[in-house]
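Source file: final.cif. Holds: mmCIF, C-alpha atoms (C1' of nucleotides).
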data_start
#
loop_
_atom_site.label_atom_id
_atom_site.label_comp_id
_atom_site.auth_asym_id
_atom_site.auth_seq_id
_atom_site.Cartn_x
_atom_site.Cartn_y
_atom_site.Cartn_z
CA MET A 1 0.00 0.00 0.00
CA LYS A 2 1.21 3.52 -0.86
CA LYS A 3 2.53 5.79 1.86
CA THR A 4 -0.06 8.49 1.32
CA LYS A 5 -2.83 5.91 1.46
CA ILE A 6 -1.47 4.45 4.70
CA HIS A 7 -1.37 7.94 6.18
CA ASP A 8 -4.98 8.51 5.16
CA PHE A 9 -5.89 5.14 6.61
CA TYR A 10 -4.66 6.11 10.06
CA ALA A 11 -5.81 9.71 9.78
CA LYS A 12 -9.37 8.61 9.19
CA LEU A 13 -9.32 6.15 12.07
CA LYS A 14 -7.94 8.91 14.27
CA GLU A 15 -10.59 11.38 13.13
CA GLN A 16 -13.26 8.86 14.04
CA ASN A 17 -11.71 8.06 17.42
CA PRO A 18 -9.04 10.58 18.54
CA GLU A 19 -8.18 8.88 21.86
CA PRO A 20 -8.69 5.14 21.35
CA LYS A 21 -8.75 3.04 24.49
CA GLY A 22 -8.71 -0.68 25.16
CA GLU A 23 -11.82 -2.25 26.62
CA LEU A 24 -10.37 -4.66 29.16
CA HIS A 25 -11.00 -3.57 32.75
CA TYR A 26 -8.13 -3.35 35.26
CA VAL A 27 -7.12 -1.35 38.32
CA ASN A 28 -3.32 -1.44 38.13
CA THR A 29 -0.49 -2.87 36.05
CA TYR A 30 -0.72 -6.28 37.68
CA THR A 31 -4.43 -6.66 37.00
CA LEU A 32 -3.86 -5.41 33.46
CA LEU A 33 -1.36 -8.21 32.94
CA VAL A 34 -3.76 -10.77 34.40
CA ALA A 35 -6.67 -9.47 32.34
CA VAL A 36 -4.67 -9.75 29.13
CA VAL A 37 -3.54 -13.28 29.98
CA LEU A 38 -7.16 -14.24 30.61
CA SER A 39 -8.29 -12.64 27.36
CA ALA A 40 -6.65 -15.21 25.08
CA GLN A 41 -9.29 -16.60 22.69
CA ALA A 42 -12.04 -14.91 24.69
CA THR A 43 -14.06 -11.72 24.34
CA ASP A 44 -13.31 -8.57 26.37
CA VAL A 45 -16.92 -8.53 27.53
CA GLY A 46 -16.64 -12.05 28.88
CA VAL A 47 -13.30 -11.38 30.58
CA ASN A 48 -14.58 -8.17 32.19
CA LYS A 49 -17.59 -9.99 33.53
CA ALA A 50 -15.36 -12.51 35.29
CA THR A 51 -12.68 -10.09 36.51
CA LYS A 52 -15.07 -7.56 38.03
CA PRO A 53 -15.63 -9.57 41.24
CA LEU A 54 -12.09 -11.00 41.07
CA PHE A 55 -10.25 -7.66 40.93
CA LYS A 56 -12.50 -6.26 43.63
CA LYS A 57 -10.81 -8.70 46.01
CA ILE A 58 -7.52 -9.44 44.29
CA LYS A 59 -5.29 -6.60 43.06
CA THR A 60 -1.78 -7.91 43.81
CA PRO A 61 0.26 -11.05 43.10
CA GLN A 62 0.43 -11.61 46.85
CA LYS A 63 -3.35 -11.75 47.17
CA MET A 64 -3.59 -13.93 44.06
CA VAL A 65 -1.21 -16.49 45.51
CA GLU A 66 -3.20 -16.46 48.74
CA LEU A 67 -6.41 -17.04 46.80
CA GLY A 68 -4.99 -20.12 45.15
CA GLU A 69 -5.60 -21.92 41.88
CA ALA A 70 -8.81 -23.74 42.83
CA LYS A 71 -10.63 -20.59 43.94
CA LEU A 72 -9.29 -18.61 41.00
CA LYS A 73 -10.86 -21.19 38.70
CA ASP A 74 -14.27 -20.51 40.22
CA TYR A 75 -13.90 -16.84 39.28
CA ILE A 76 -12.80 -17.44 35.71
CA LYS A 77 -14.76 -20.54 34.77
CA SER A 78 -16.99 -18.58 32.42
CA ILE A 79 -13.92 -17.74 30.34
CA GLY A 80 -12.60 -20.42 28.04
CA LEU A 81 -9.32 -22.24 28.64
CA TYR A 82 -9.69 -21.66 32.38
CA ASN A 83 -7.59 -24.59 33.58
CA SER A 84 -4.39 -23.48 31.92
CA LYS A 85 -5.14 -19.81 32.56
CA ALA A 86 -5.62 -20.36 36.28
CA LYS A 87 -2.42 -22.34 36.49
CA ASN A 88 -0.53 -19.67 34.55
CA VAL A 89 -1.83 -16.76 36.62
CA ILE A 90 -0.87 -18.43 39.90
CA LYS A 91 2.61 -19.37 38.69
CA LEU A 92 3.11 -15.98 37.09
CA SER A 93 2.19 -14.34 40.40
CA HIS A 94 4.70 -16.48 42.27
CA MET A 95 7.39 -15.49 39.77
CA LEU A 96 6.59 -11.80 40.10
CA LEU A 97 7.01 -12.08 43.86
CA ASP A 98 10.11 -14.27 43.79
CA ASP A 99 12.03 -12.86 40.83
CA TYR A 100 10.72 -9.31 40.27
CA ALA A 101 9.97 -7.97 43.75
CA GLY A 102 6.27 -7.94 42.92
CA LYS A 103 6.78 -5.48 40.04
CA ILE A 104 5.86 -5.98 36.40
CA PRO A 105 9.03 -5.98 34.26
CA GLU A 106 9.21 -3.25 31.58
CA ASP A 107 11.01 -5.54 29.20
CA ARG A 108 9.48 -7.80 26.56
CA ASP A 109 11.91 -10.68 27.03
CA GLU A 110 11.37 -10.64 30.78
CA LEU A 111 7.60 -10.44 30.36
CA GLN A 112 7.66 -13.41 28.02
CA LYS A 113 9.37 -15.53 30.66
CA LEU A 114 6.09 -15.42 32.58
CA PRO A 115 3.76 -18.37 31.86
CA GLY A 116 0.79 -17.43 29.70
CA VAL A 117 2.61 -14.36 28.40
CA GLY A 118 3.64 -14.49 24.77
CA ARG A 119 4.71 -11.72 22.43
CA LYS A 120 1.23 -10.35 21.92
CA THR A 121 0.43 -10.08 25.64
CA ALA A 122 3.85 -8.58 26.37
CA ASN A 123 3.32 -5.96 23.68
CA VAL A 124 -0.06 -5.00 25.12
CA VAL A 125 1.43 -4.45 28.59
CA LEU A 126 4.38 -2.50 27.21
CA ASN A 127 2.04 -0.25 25.23
CA ILE A 128 -0.69 0.37 27.79
CA ALA A 129 1.22 0.27 31.08
CA PHE A 130 4.58 1.66 29.98
CA GLY A 131 3.68 3.85 27.02
CA GLN A 132 5.93 2.07 24.55
CA PRO A 133 5.06 2.26 20.82
CA THR A 134 4.59 -1.47 20.46
CA ILE A 135 1.92 -2.99 18.22
CA ALA A 136 0.36 -6.14 19.62
CA VAL A 137 -0.93 -8.30 16.79
CA ASP A 138 -3.92 -10.28 17.94
CA THR A 139 -6.57 -12.02 15.86
CA HIS A 140 -8.06 -8.68 14.80
CA LEU A 141 -4.84 -7.03 13.67
CA PHE A 142 -3.74 -10.17 11.87
CA ARG A 143 -6.99 -10.34 9.94
CA LEU A 144 -7.13 -6.60 9.27
CA GLY A 145 -3.50 -6.35 8.19
CA ASN A 146 -4.00 -9.06 5.61
CA ARG A 147 -7.50 -8.22 4.49
CA THR A 148 -6.95 -4.51 3.92
CA GLY A 149 -3.48 -4.91 2.47
CA LEU A 150 -2.09 -2.52 5.08
CA ALA A 151 0.35 -5.12 6.42
CA PRO A 152 0.10 -8.57 4.87
CA GLY A 153 1.99 -11.40 6.57
CA LYS A 154 1.92 -15.14 7.08
CA THR A 155 2.30 -14.96 10.85
CA PRO A 156 1.37 -12.42 13.53
CA LEU A 157 5.06 -11.54 13.87
CA ASP A 158 5.27 -10.87 10.13
CA VAL A 159 2.31 -8.53 10.38
CA GLU A 160 3.79 -6.82 13.45
CA LYS A 161 7.10 -6.14 11.70
CA LYS A 162 5.35 -4.83 8.62
CA LEU A 163 3.11 -2.56 10.68
CA GLU A 164 6.15 -1.10 12.41
CA LYS A 165 7.66 -0.32 9.01
CA VAL A 166 4.63 1.21 7.33
CA THR A 167 3.03 3.02 10.27
CA PRO A 168 3.95 6.74 10.34
CA PRO A 169 5.68 7.63 13.66
CA GLU A 170 2.89 10.00 14.65
CA PHE A 171 0.42 7.09 14.67
CA MET A 172 2.65 4.43 16.26
CA ARG A 173 1.63 5.10 19.84
CA HIS A 174 -2.07 4.39 19.30
CA ALA A 175 -1.94 2.24 16.16
CA HIS A 176 -2.65 -0.87 18.20
CA HIS A 177 -5.90 0.50 19.61
CA TRP A 178 -7.11 2.10 16.39
CA LEU A 179 -6.64 -1.15 14.54
CA ILE A 180 -8.06 -3.49 17.15
CA LEU A 181 -11.21 -1.42 17.64
CA HIS A 182 -11.68 -1.12 13.90
CA GLY A 183 -11.20 -4.86 13.54
CA ARG A 184 -13.62 -5.65 16.34
CA TYR A 185 -16.52 -3.44 15.30
CA VAL A 186 -16.14 -2.76 11.58
CA CYS A 187 -13.62 -5.03 9.86
CA LYS A 188 -15.16 -8.05 11.56
CA ALA A 189 -14.26 -11.66 10.86
CA ARG A 190 -17.72 -12.80 9.84
CA LYS A 191 -19.58 -9.86 8.45
CA PRO A 192 -17.29 -6.90 7.69
CA ALA A 193 -19.24 -3.63 7.62
CA CYS A 194 -17.63 -2.32 4.44
CA PRO A 195 -20.47 0.04 3.46
CA SER A 196 -20.07 2.05 6.66
CA CYS A 197 -16.28 1.78 6.89
CA VAL A 198 -14.33 5.06 7.11
CA VAL A 199 -11.25 3.58 5.42
CA ARG A 200 -13.23 1.99 2.61
CA ASP A 201 -11.34 4.02 0.00
CA GLU A 202 -7.95 3.09 1.45
CA CYS A 203 -8.70 -0.62 1.62
CA GLY A 204 -7.78 -3.35 -0.86
CA PHE A 205 -10.64 -5.57 0.24
CA LYS A 206 -14.17 -5.36 -0.99
CA ALA A 207 -16.86 -7.60 0.47
CA LYS A 208 -18.23 -9.99 -2.13
CA SER A 209 -21.73 -8.87 -1.36
CA THR A 210 -23.08 -6.06 0.76
CA LEU A 211 -26.63 -7.28 0.35
CA ASP A 212 -26.35 -10.45 2.39
CA SER A 213 -27.89 -10.54 5.82
"C1'" DC B 1 0.40 -28.94 14.39
"C1'" DT B 2 -2.79 -29.88 18.40
"C1'" DC B 3 -4.77 -28.82 22.61
"C1'" DC B 4 -6.99 -25.87 25.79
"C1'" DC B 5 -12.70 -24.30 26.38
"C1'" DG B 6 -17.04 -21.40 27.71
"C1'" DA B 7 -19.95 -17.67 25.83
"C1'" DT B 8 -21.75 -15.43 22.02
"C1'" DA B 9 -23.01 -14.29 17.17
"C1'" DT B 10 -24.35 -15.97 12.95
"C1'" DA C 1 -24.49 -26.32 14.19
"C1'" DT C 2 -20.43 -23.80 13.76
"C1'" DA C 3 -17.14 -19.92 13.70
"C1'" DT C 4 -15.04 -16.73 16.52
"C1'" DC C 5 -13.18 -14.45 20.50
"C1'" DA C 6 -7.28 -8.86 22.80
"C1'" DG C 7 -3.10 -16.65 22.29
"C1'" DG C 8 0.22 -19.53 24.33
"C1'" DA C 9 2.43 -23.91 25.30
"C1'" DG C 10 3.76 -28.63 24.30
#
So, in terms of structure tokens, how does the structure I just supplied come out?
Amino acid sequence: MKKTKIHDFYAKLKEQNPEPKGELHYVNTYTLLVAVVLSAQATDVGVNKATKPLFKKIKTPQKMVELGEAKLKDYIKSIGLYNSKAKNVIKLSHMLLDDYAGKIPEDRDELQKLPGVGRKTANVVLNIAFGQPTIAVDTHLFRLGNRTGLAPGKTPLDVEKKLEKVTPPEFMRHAHHWLILHGRYVCKARKPACPSCVVRDECGFKAKSTLDS
DNA sequence: CTCCCGATAT
DNA sequence: ATATCAGGAG
């Protein structure tokens, strides 16, 4: 995609939503990390529903360890993949206490040493909690990057690298949120809302039919 | 590549 | 009924 078109792409998303924000609920950096770990292959709405009562009681790794895996499972059962997520959150909390003095590391490699934390989750934490211009490529960015032609790639990492190359510096900081929100509500997996899309003219994809229900 | 997995939209 | 959802680990 041409540079001017990419600039327009972001400019229009920015015009529509000047201060894009994530939709996961959290009360501090630790709960943000936990919320993102829990959000794997689950909807934000579903995760928020489960974490509301959880984070009311549990806001630190210390408290999470005290709660224990079995009780944590009760809180997060409505989210998918809860067995492995509960195990990961407890172990991750132990590691934060033992190896990081209870603090969340500001480094991607260190973050990825935590169980349940891969590159995407690490990038989210770095961006939201520490203000770094990282772009976390989740299912929405991967689909949108390929579908629109903005940043085609065979793997999420391919798409991430391409996005970092083509995204103008002025848009880097919030690119992640502009793209994820656009992917979630407009450039959807099942029924993309092309007719009402603000970057329709900057997009290489056209829905086969806009008349289907 | 497969497995983990319940809730929701289609 | 099935695809999809702020993926990661084995």
- Task: For chain A, list the residues within 9 Å of chain C, counting only C-alpha atoms (C1' of nucleotides), and write the list as a VMD selection string.
- Result: chain A and resid 22 to 24 36 to 37 39 to 44 115 to 118 120 to 121 124 136 to 140 180 189 to 190
How close does each residue of chain B get to chain A, giving the shortest atom pair and distance in Å to one decimal for every residue with an atom at most 8 Å away, counting only C-alpha atoms (C1' of nucleotides), sorted by chain and residue number, as a tab-separated table?
residue	atom	partner	partner_atom	distance
B:DC4	C1'	A:Leu81	CA	5.2
B:DC5	C1'	A:Gly80	CA	4.2
B:DG6	C1'	A:Gly80	CA	4.6
B:DA7	C1'	A:Gly46	CA	7.2
B:DT10	C1'	A:Arg190	CA	8.0
- Write out as a ChimeraX atom specification which residues come within 12 Å of A:Lys56 when counting all atoms listed in the file, dropping same-chain ones fewer than 2 positions away. /A:25-28,31,48-54,58-60,63-64,75
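Taking atom CA of A:Glu66 and atom CA of A:Leu126 as endpoints, the distance between them is 26.8 Å.
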- Task: Grab the atom CA of A:Val199 to atom CA of A:Lys162 distance for me, in Å with one decimal place.
- Result: 18.9 Å
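Between atom CA of A:Leu144 and atom CA of A:Asp158 the separation is 13.1 Å.
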- Message: So that I can check the surroundings of A:Pro168, please list as a list in words every protein, DNA and RNA residue that reaches within 10 Å of it, counting all atoms listed in the file and ignoring chain neighbours fewer than 4 positions away.
- Response: Lys3, Ile6, His7, Tyr10, Leu163, Glu164, Met172, Arg173 and Ala175 of chain A
Would you save the residues of that selection, restricted to C-alpha atoms, as a PDB file, in the coordinates of the input?
ATOM      1  CA  LYS A   3       2.530   5.790   1.860  1.00  0.00           C
ATOM      2  CA  ILE A   6      -1.470   4.450   4.700  1.00  0.00           C
ATOM      3  CA  HIS A   7      -1.370   7.940   6.180  1.00  0.00           C
ATOM      4  CA  TYR A  10      -4.660   6.110  10.060  1.00  0.00           C
ATOM      5  CA  LEU A 163       3.110  -2.560  10.680  1.00  0.00           C
ATOM      6  CA  GLU A 164       6.150  -1.100  12.410  1.00  0.00           C
ATOM      7  CA  MET A 172       2.650   4.430  16.260  1.00  0.00           C
ATOM      8  CA  ARG A 173       1.630   5.100  19.840  1.00  0.00           C
ATOM      9  CA  ALA A 175      -1.940   2.240  16.160  1.00  0.00           C
TER      10      ALA A 175
END
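Here the PyMOL selection byres ((chain A and resi 91) around 12) catches exactly these residues: Val34, Pro61, Gln62, Met64, Val65, Glu66, Gly68, Glu69, Ser84, Lys85, Ala86, Lys87, Asn88, Val89, Ile90, Leu92, Ser93, His94, Met95, Leu96, Leu97, Asp98, Asp99, Lys113, Leu114, Pro115, Gly116 and Val117 of chain A.
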